[in-house]
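Participant: The structure's right below; bear with me while I get my questions together.
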Amino acid sequence: MEAHRSRLPGNRPAIWIAAALCAAVAAAAAVEQSVPDRPAYAEAFAPDWLPLAAAGLALAGIALRLRARPRWPHLQGALSWSGLLLMVWAAGGLPIDLLRVAGLVVPGLMPSGVDWPGLATRAVALAAAVVLAGLALERPAARSHSGAAAWYGYVALALALPYPVFKTWWALGGTVGLRWPGADGLAGSLALWLPAVPWLLAAAVSLLLVSTPRWMPRRLLLAAGWSAAAIVAVVGPAACWSLVSGLIGGDSDFGGMAGWVFGLFYSCWFLWAIAAAAATWSYQVRSAA
């Protein structure tokens with residue numbers, strides 16, 4: 001029995017913590033669906049079944065990982081990463097929850113009403129995602145360095161550029177992507193260009209993960225890459241789902257921007273989180289040599 005336990009792969013306490021958190025996500029999601037009269041804002045973050053699917057896939061990956069000698073390592077990896085990605089999506093909207101909580105203290109900051117059951121589910125999902133990510137990325141140096149492709153960073157760079165490019169074009173007076181000239185004050189507005197700055201920084205981080213100067217501290221770049229990927233991963237999928245559900249429900253309001261612009265921006269945010277995480281992992285593996 002002891003010999004069997006000694007062969008269990010990875011950090012066993014972290015594995016059991018991840019399993020417990022996944023079970024907690026499933027339980028919280030079940031309770032959440034039974035609570036009536038919840039604020040409607042949370043419906044835009046993710047479909048109701050998502051937390052259960054994320055927990056199920058992650059638990060299946062954990063079950064295969066707990067085998068002394070996993071028979072299907074590729075299946076285990078696919079289940080684990082799928083569960084992790086869905087778990088990150090399940091945590092989407094947590095910043096809005098926290099802003100609404102802050103609105104209880106600062107009147108007028110946000111509309112009234114907090115989805116407390118949803119906040120609990122998303123908070124536990126975020127904790128589960130952190131532990132699952134740690135398990136998925138542990139001991140990266142033991143992996144094959146030839147598989148740590150550097151091109152992920154170039155993909156992330158390309159995905160980071162559409163938002164600042166369009167914002168800059170509009171600030172300079174361009175109208176491509178606007179439904180009419182000067183729509184919503186976007187054309188010619190430098191103030192409304194400022195939200196493009198974080199995405200310019202994201203583009204810079206993406207490029208640095210591929211072409212890293214010698215003076216750049218490794219830990220600083222890793223912290224920037226993982227932090228940015230995590231932040232966008234919480235926002236991007238929720239934004240995509242909000243757009244899709246709005247289109248299906250026929251209640252989309254694009255304001256002065258063309259609908260395809262929202263699709264471009266939100267899909268780039270969603271995919272950038274994946275590409276940036278892959279680029280950061282690749283840099284972590286390559287720089288550990």
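Each chain in the structure tokens gets a letter, A, B, ..., in the order shown, and its residues are numbered from 1; ligands are numbered from 1 in order too.
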With a distance cut-off of 6 Å and only C-alpha atoms, select the neighbouring residues of range 71-87 of chain A, excluding the residue or stretch itself and same-chain residues fewer than 3 positions from it, and output the selection as a PyMOL selection string.
Facilitator: chain A and resi 54+57-58+61+64+90+125+129
Participant: I want to know what sits within 12 Å of Phe45 in chain A, based on only C-alpha atoms, with residues of the same chain fewer than 4 positions away left out; could you give that as a count of residues only?
Facilitator: 32
Participant: Which of these, A:Gly177, A:Gly108, A:Gly134, A:Pro195, has the shortest distance to Gly256 in chain A once you count only C-alpha atoms?
Facilitator: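 For Gly256 in chain A, the nearest of the candidates is A:Gly177.
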Participant: Within 8 Å of Ala229 in chain A, counting only C-alpha atoms, which residues show up once you throw out same-chain ones fewer than 4 positions away? Write them as a VMD selection string, please.
Facilitator: chain A and resid 225 233 272 to 274 276 to 277
Participant: Hey, can you spit out that residue selection with N, CA and C atoms as a JSON list (two decimals), in the first residue's frame?
Facilitator:
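Below is the file again-v9.json, written as the result:
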```
[["chain", "number", "residue", "atom", "x", "y", "z"],
["A", 225, "GLY", "N", 3.30, 37.92, -17.48],
["A", 225, "GLY", "CA", 2.60, 37.04, -18.42],
["A", 225, "GLY", "C", 1.45, 36.29, -17.79],
["A", 233, "ALA", "N", -8.40, 36.17, -19.00],
["A", 233, "ALA", "CA", -9.17, 34.92, -19.03],
["A", 233, "ALA", "C", -10.45, 35.03, -18.22],
["A", 272, "TRP", "N", -6.64, 35.57, -26.83],
["A", 272, "TRP", "CA", -5.37, 36.09, -26.32],
["A", 272, "TRP", "C", -5.03, 35.47, -24.97],
["A", 273, "ALA", "N", -6.02, 35.27, -24.13],
["A", 273, "ALA", "CA", -5.76, 34.66, -22.83],
["A", 273, "ALA", "C", -5.13, 33.28, -22.99],
["A", 274, "ILE", "N", -5.63, 32.51, -23.95],
["A", 274, "ILE", "CA", -5.07, 31.17, -24.20],
["A", 274, "ILE", "C", -3.67, 31.28, -24.78],
["A", 276, "ALA", "N", -1.57, 33.81, -24.63],
["A", 276, "ALA", "CA", -0.63, 34.39, -23.68],
["A", 276, "ALA", "C", -0.21, 33.38, -22.62],
["A", 277, "ALA", "N", -1.16, 32.56, -22.17],
["A", 277, "ALA", "CA", -0.80, 31.51, -21.21],
["A", 277, "ALA", "C", 0.17, 30.52, -21.84]]
```
Participant: DSSP on the backbone, helix (DSSP H, G or I) only: what residues of range 215-281 of chain A does that give? Format it as an NGL selection string.
Facilitator: :A and (218-249 or 259-281)
Participant: Excluding Tyr152 in chain A and any residue of its chain fewer than 3 positions from it, enumerate the residues within 10 Å of it, using only C-alpha atoms, and give them as a PDB file with N, CA and C atoms, in the first residue's frame.
Facilitator:
```
ATOM      1  N   ALA A 148       8.381  23.391 -26.440  1.00  0.00           N
ATOM      2  CA  ALA A 148       8.051  24.726 -25.944  1.00  0.00           C
ATOM      3  C   ALA A 148       8.172  25.730 -27.082  1.00  0.00           C
ATOM      4  N   ALA A 149       7.183  25.748 -27.942  1.00  0.00           N
ATOM      5  CA  ALA A 149       7.240  26.587 -29.136  1.00  0.00           C
ATOM      6  C   ALA A 149       7.206  28.061 -28.773  1.00  0.00           C
ATOM      7  N   VAL A 155       1.458  34.785 -31.867  1.00  0.00           N
ATOM      8  CA  VAL A 155       0.002  34.690 -31.954  1.00  0.00           C
ATOM      9  C   VAL A 155      -0.640  35.642 -30.947  1.00  0.00           C
ATOM     10  N   ALA A 156      -0.114  35.646 -29.719  1.00  0.00           N
ATOM     11  CA  ALA A 156      -0.644  36.551 -28.704  1.00  0.00           C
ATOM     12  C   ALA A 156      -0.475  38.009 -29.127  1.00  0.00           C
ATOM     13  N   LEU A 157       0.658  38.328 -29.736  1.00  0.00           N
ATOM     14  CA  LEU A 157       0.888  39.695 -30.215  1.00  0.00           C
ATOM     15  C   LEU A 157      -0.166  40.092 -31.243  1.00  0.00           C
ATOM     16  N   SER A 206       3.587  40.166 -24.865  1.00  0.00           N
ATOM     17  CA  SER A 206       3.571  39.049 -25.816  1.00  0.00           C
ATOM     18  C   SER A 206       4.876  38.979 -26.594  1.00  0.00           C
ATOM     19  N   LEU A 207       5.360  40.130 -27.039  1.00  0.00           N
ATOM     20  CA  LEU A 207       6.602  40.164 -27.809  1.00  0.00           C
ATOM     21  C   LEU A 207       7.806  39.840 -26.937  1.00  0.00           C
ATOM     22  N   LEU A 209       7.901  37.890 -24.442  1.00  0.00           N
ATOM     23  CA  LEU A 209       7.929  36.456 -24.153  1.00  0.00           C
ATOM     24  C   LEU A 209       8.604  35.664 -25.271  1.00  0.00           C
ATOM     25  N   VAL A 210       8.688  36.256 -26.452  1.00  0.00           N
ATOM     26  CA  VAL A 210       9.346  35.602 -27.583  1.00  0.00           C
ATOM     27  C   VAL A 210      10.782  36.087 -27.725  1.00  0.00           C
ATOM     28  N   TRP A 272      -6.637  35.568 -26.830  1.00  0.00           N
ATOM     29  CA  TRP A 272      -5.371  36.093 -26.318  1.00  0.00           C
ATOM     30  C   TRP A 272      -5.030  35.467 -24.973  1.00  0.00           C
ATOM     31  N   ILE A 274      -5.630  32.506 -23.954  1.00  0.00           N
ATOM     32  CA  ILE A 274      -5.073  31.171 -24.201  1.00  0.00           C
ATOM     33  C   ILE A 274      -3.669  31.277 -24.784  1.00  0.00           C
ATOM     34  N   ALA A 275      -3.513  32.146 -25.793  1.00  0.00           N
ATOM     35  CA  ALA A 275      -2.204  32.288 -26.435  1.00  0.00           C
ATOM     36  C   ALA A 275      -1.169  32.846 -25.468  1.00  0.00           C
ATOM     37  N   ALA A 276      -1.569  33.806 -24.633  1.00  0.00           N
ATOM     38  CA  ALA A 276      -0.631  34.394 -23.679  1.00  0.00           C
ATOM     39  C   ALA A 276      -0.209  33.379 -22.623  1.00  0.00           C
ATOM     40  N   ALA A 277      -1.155  32.556 -22.174  1.00  0.00           N
ATOM     41  CA  ALA A 277      -0.803  31.509 -21.213  1.00  0.00           C
ATOM     42  C   ALA A 277       0.171  30.520 -21.840  1.00  0.00           C
ATOM     43  N   ALA A 278      -0.085  30.143 -23.098  1.00  0.00           N
ATOM     44  CA  ALA A 278       0.824  29.227 -23.788  1.00  0.00           C
ATOM     45  C   ALA A 278       2.195  29.864 -23.992  1.00  0.00           C
ATOM     46  N   ALA A 279       2.218  31.153 -24.343  1.00  0.00           N
ATOM     47  CA  ALA A 279       3.490  31.844 -24.551  1.00  0.00           C
ATOM     48  C   ALA A 279       4.274  31.953 -23.249  1.00  0.00           C
ATOM     49  N   THR A 280       3.567  32.223 -22.154  1.00  0.00           N
ATOM     50  CA  THR A 280       4.243  32.330 -20.861  1.00  0.00           C
ATOM     51  C   THR A 280       4.786  30.976 -20.429  1.00  0.00           C
ATOM     52  N   TRP A 281       3.983  29.929 -20.620  1.00  0.00           N
ATOM     53  CA  TRP A 281       4.464  28.579 -20.308  1.00  0.00           C
ATOM     54  C   TRP A 281       5.690  28.237 -21.148  1.00  0.00           C
ATOM     55  N   SER A 282       5.635  28.571 -22.443  1.00  0.00           N
ATOM     56  CA  SER A 282       6.765  28.296 -23.330  1.00  0.00           C
ATOM     57  C   SER A 282       8.022  29.020 -22.849  1.00  0.00           C
ATOM     58  N   TYR A 283       7.868  30.290 -22.492  1.00  0.00           N
ATOM     59  CA  TYR A 283       9.022  31.047 -21.990  1.00  0.00           C
ATOM     60  C   TYR A 283       9.532  30.459 -20.677  1.00  0.00           C
TER      61      TYR A 283
END
```
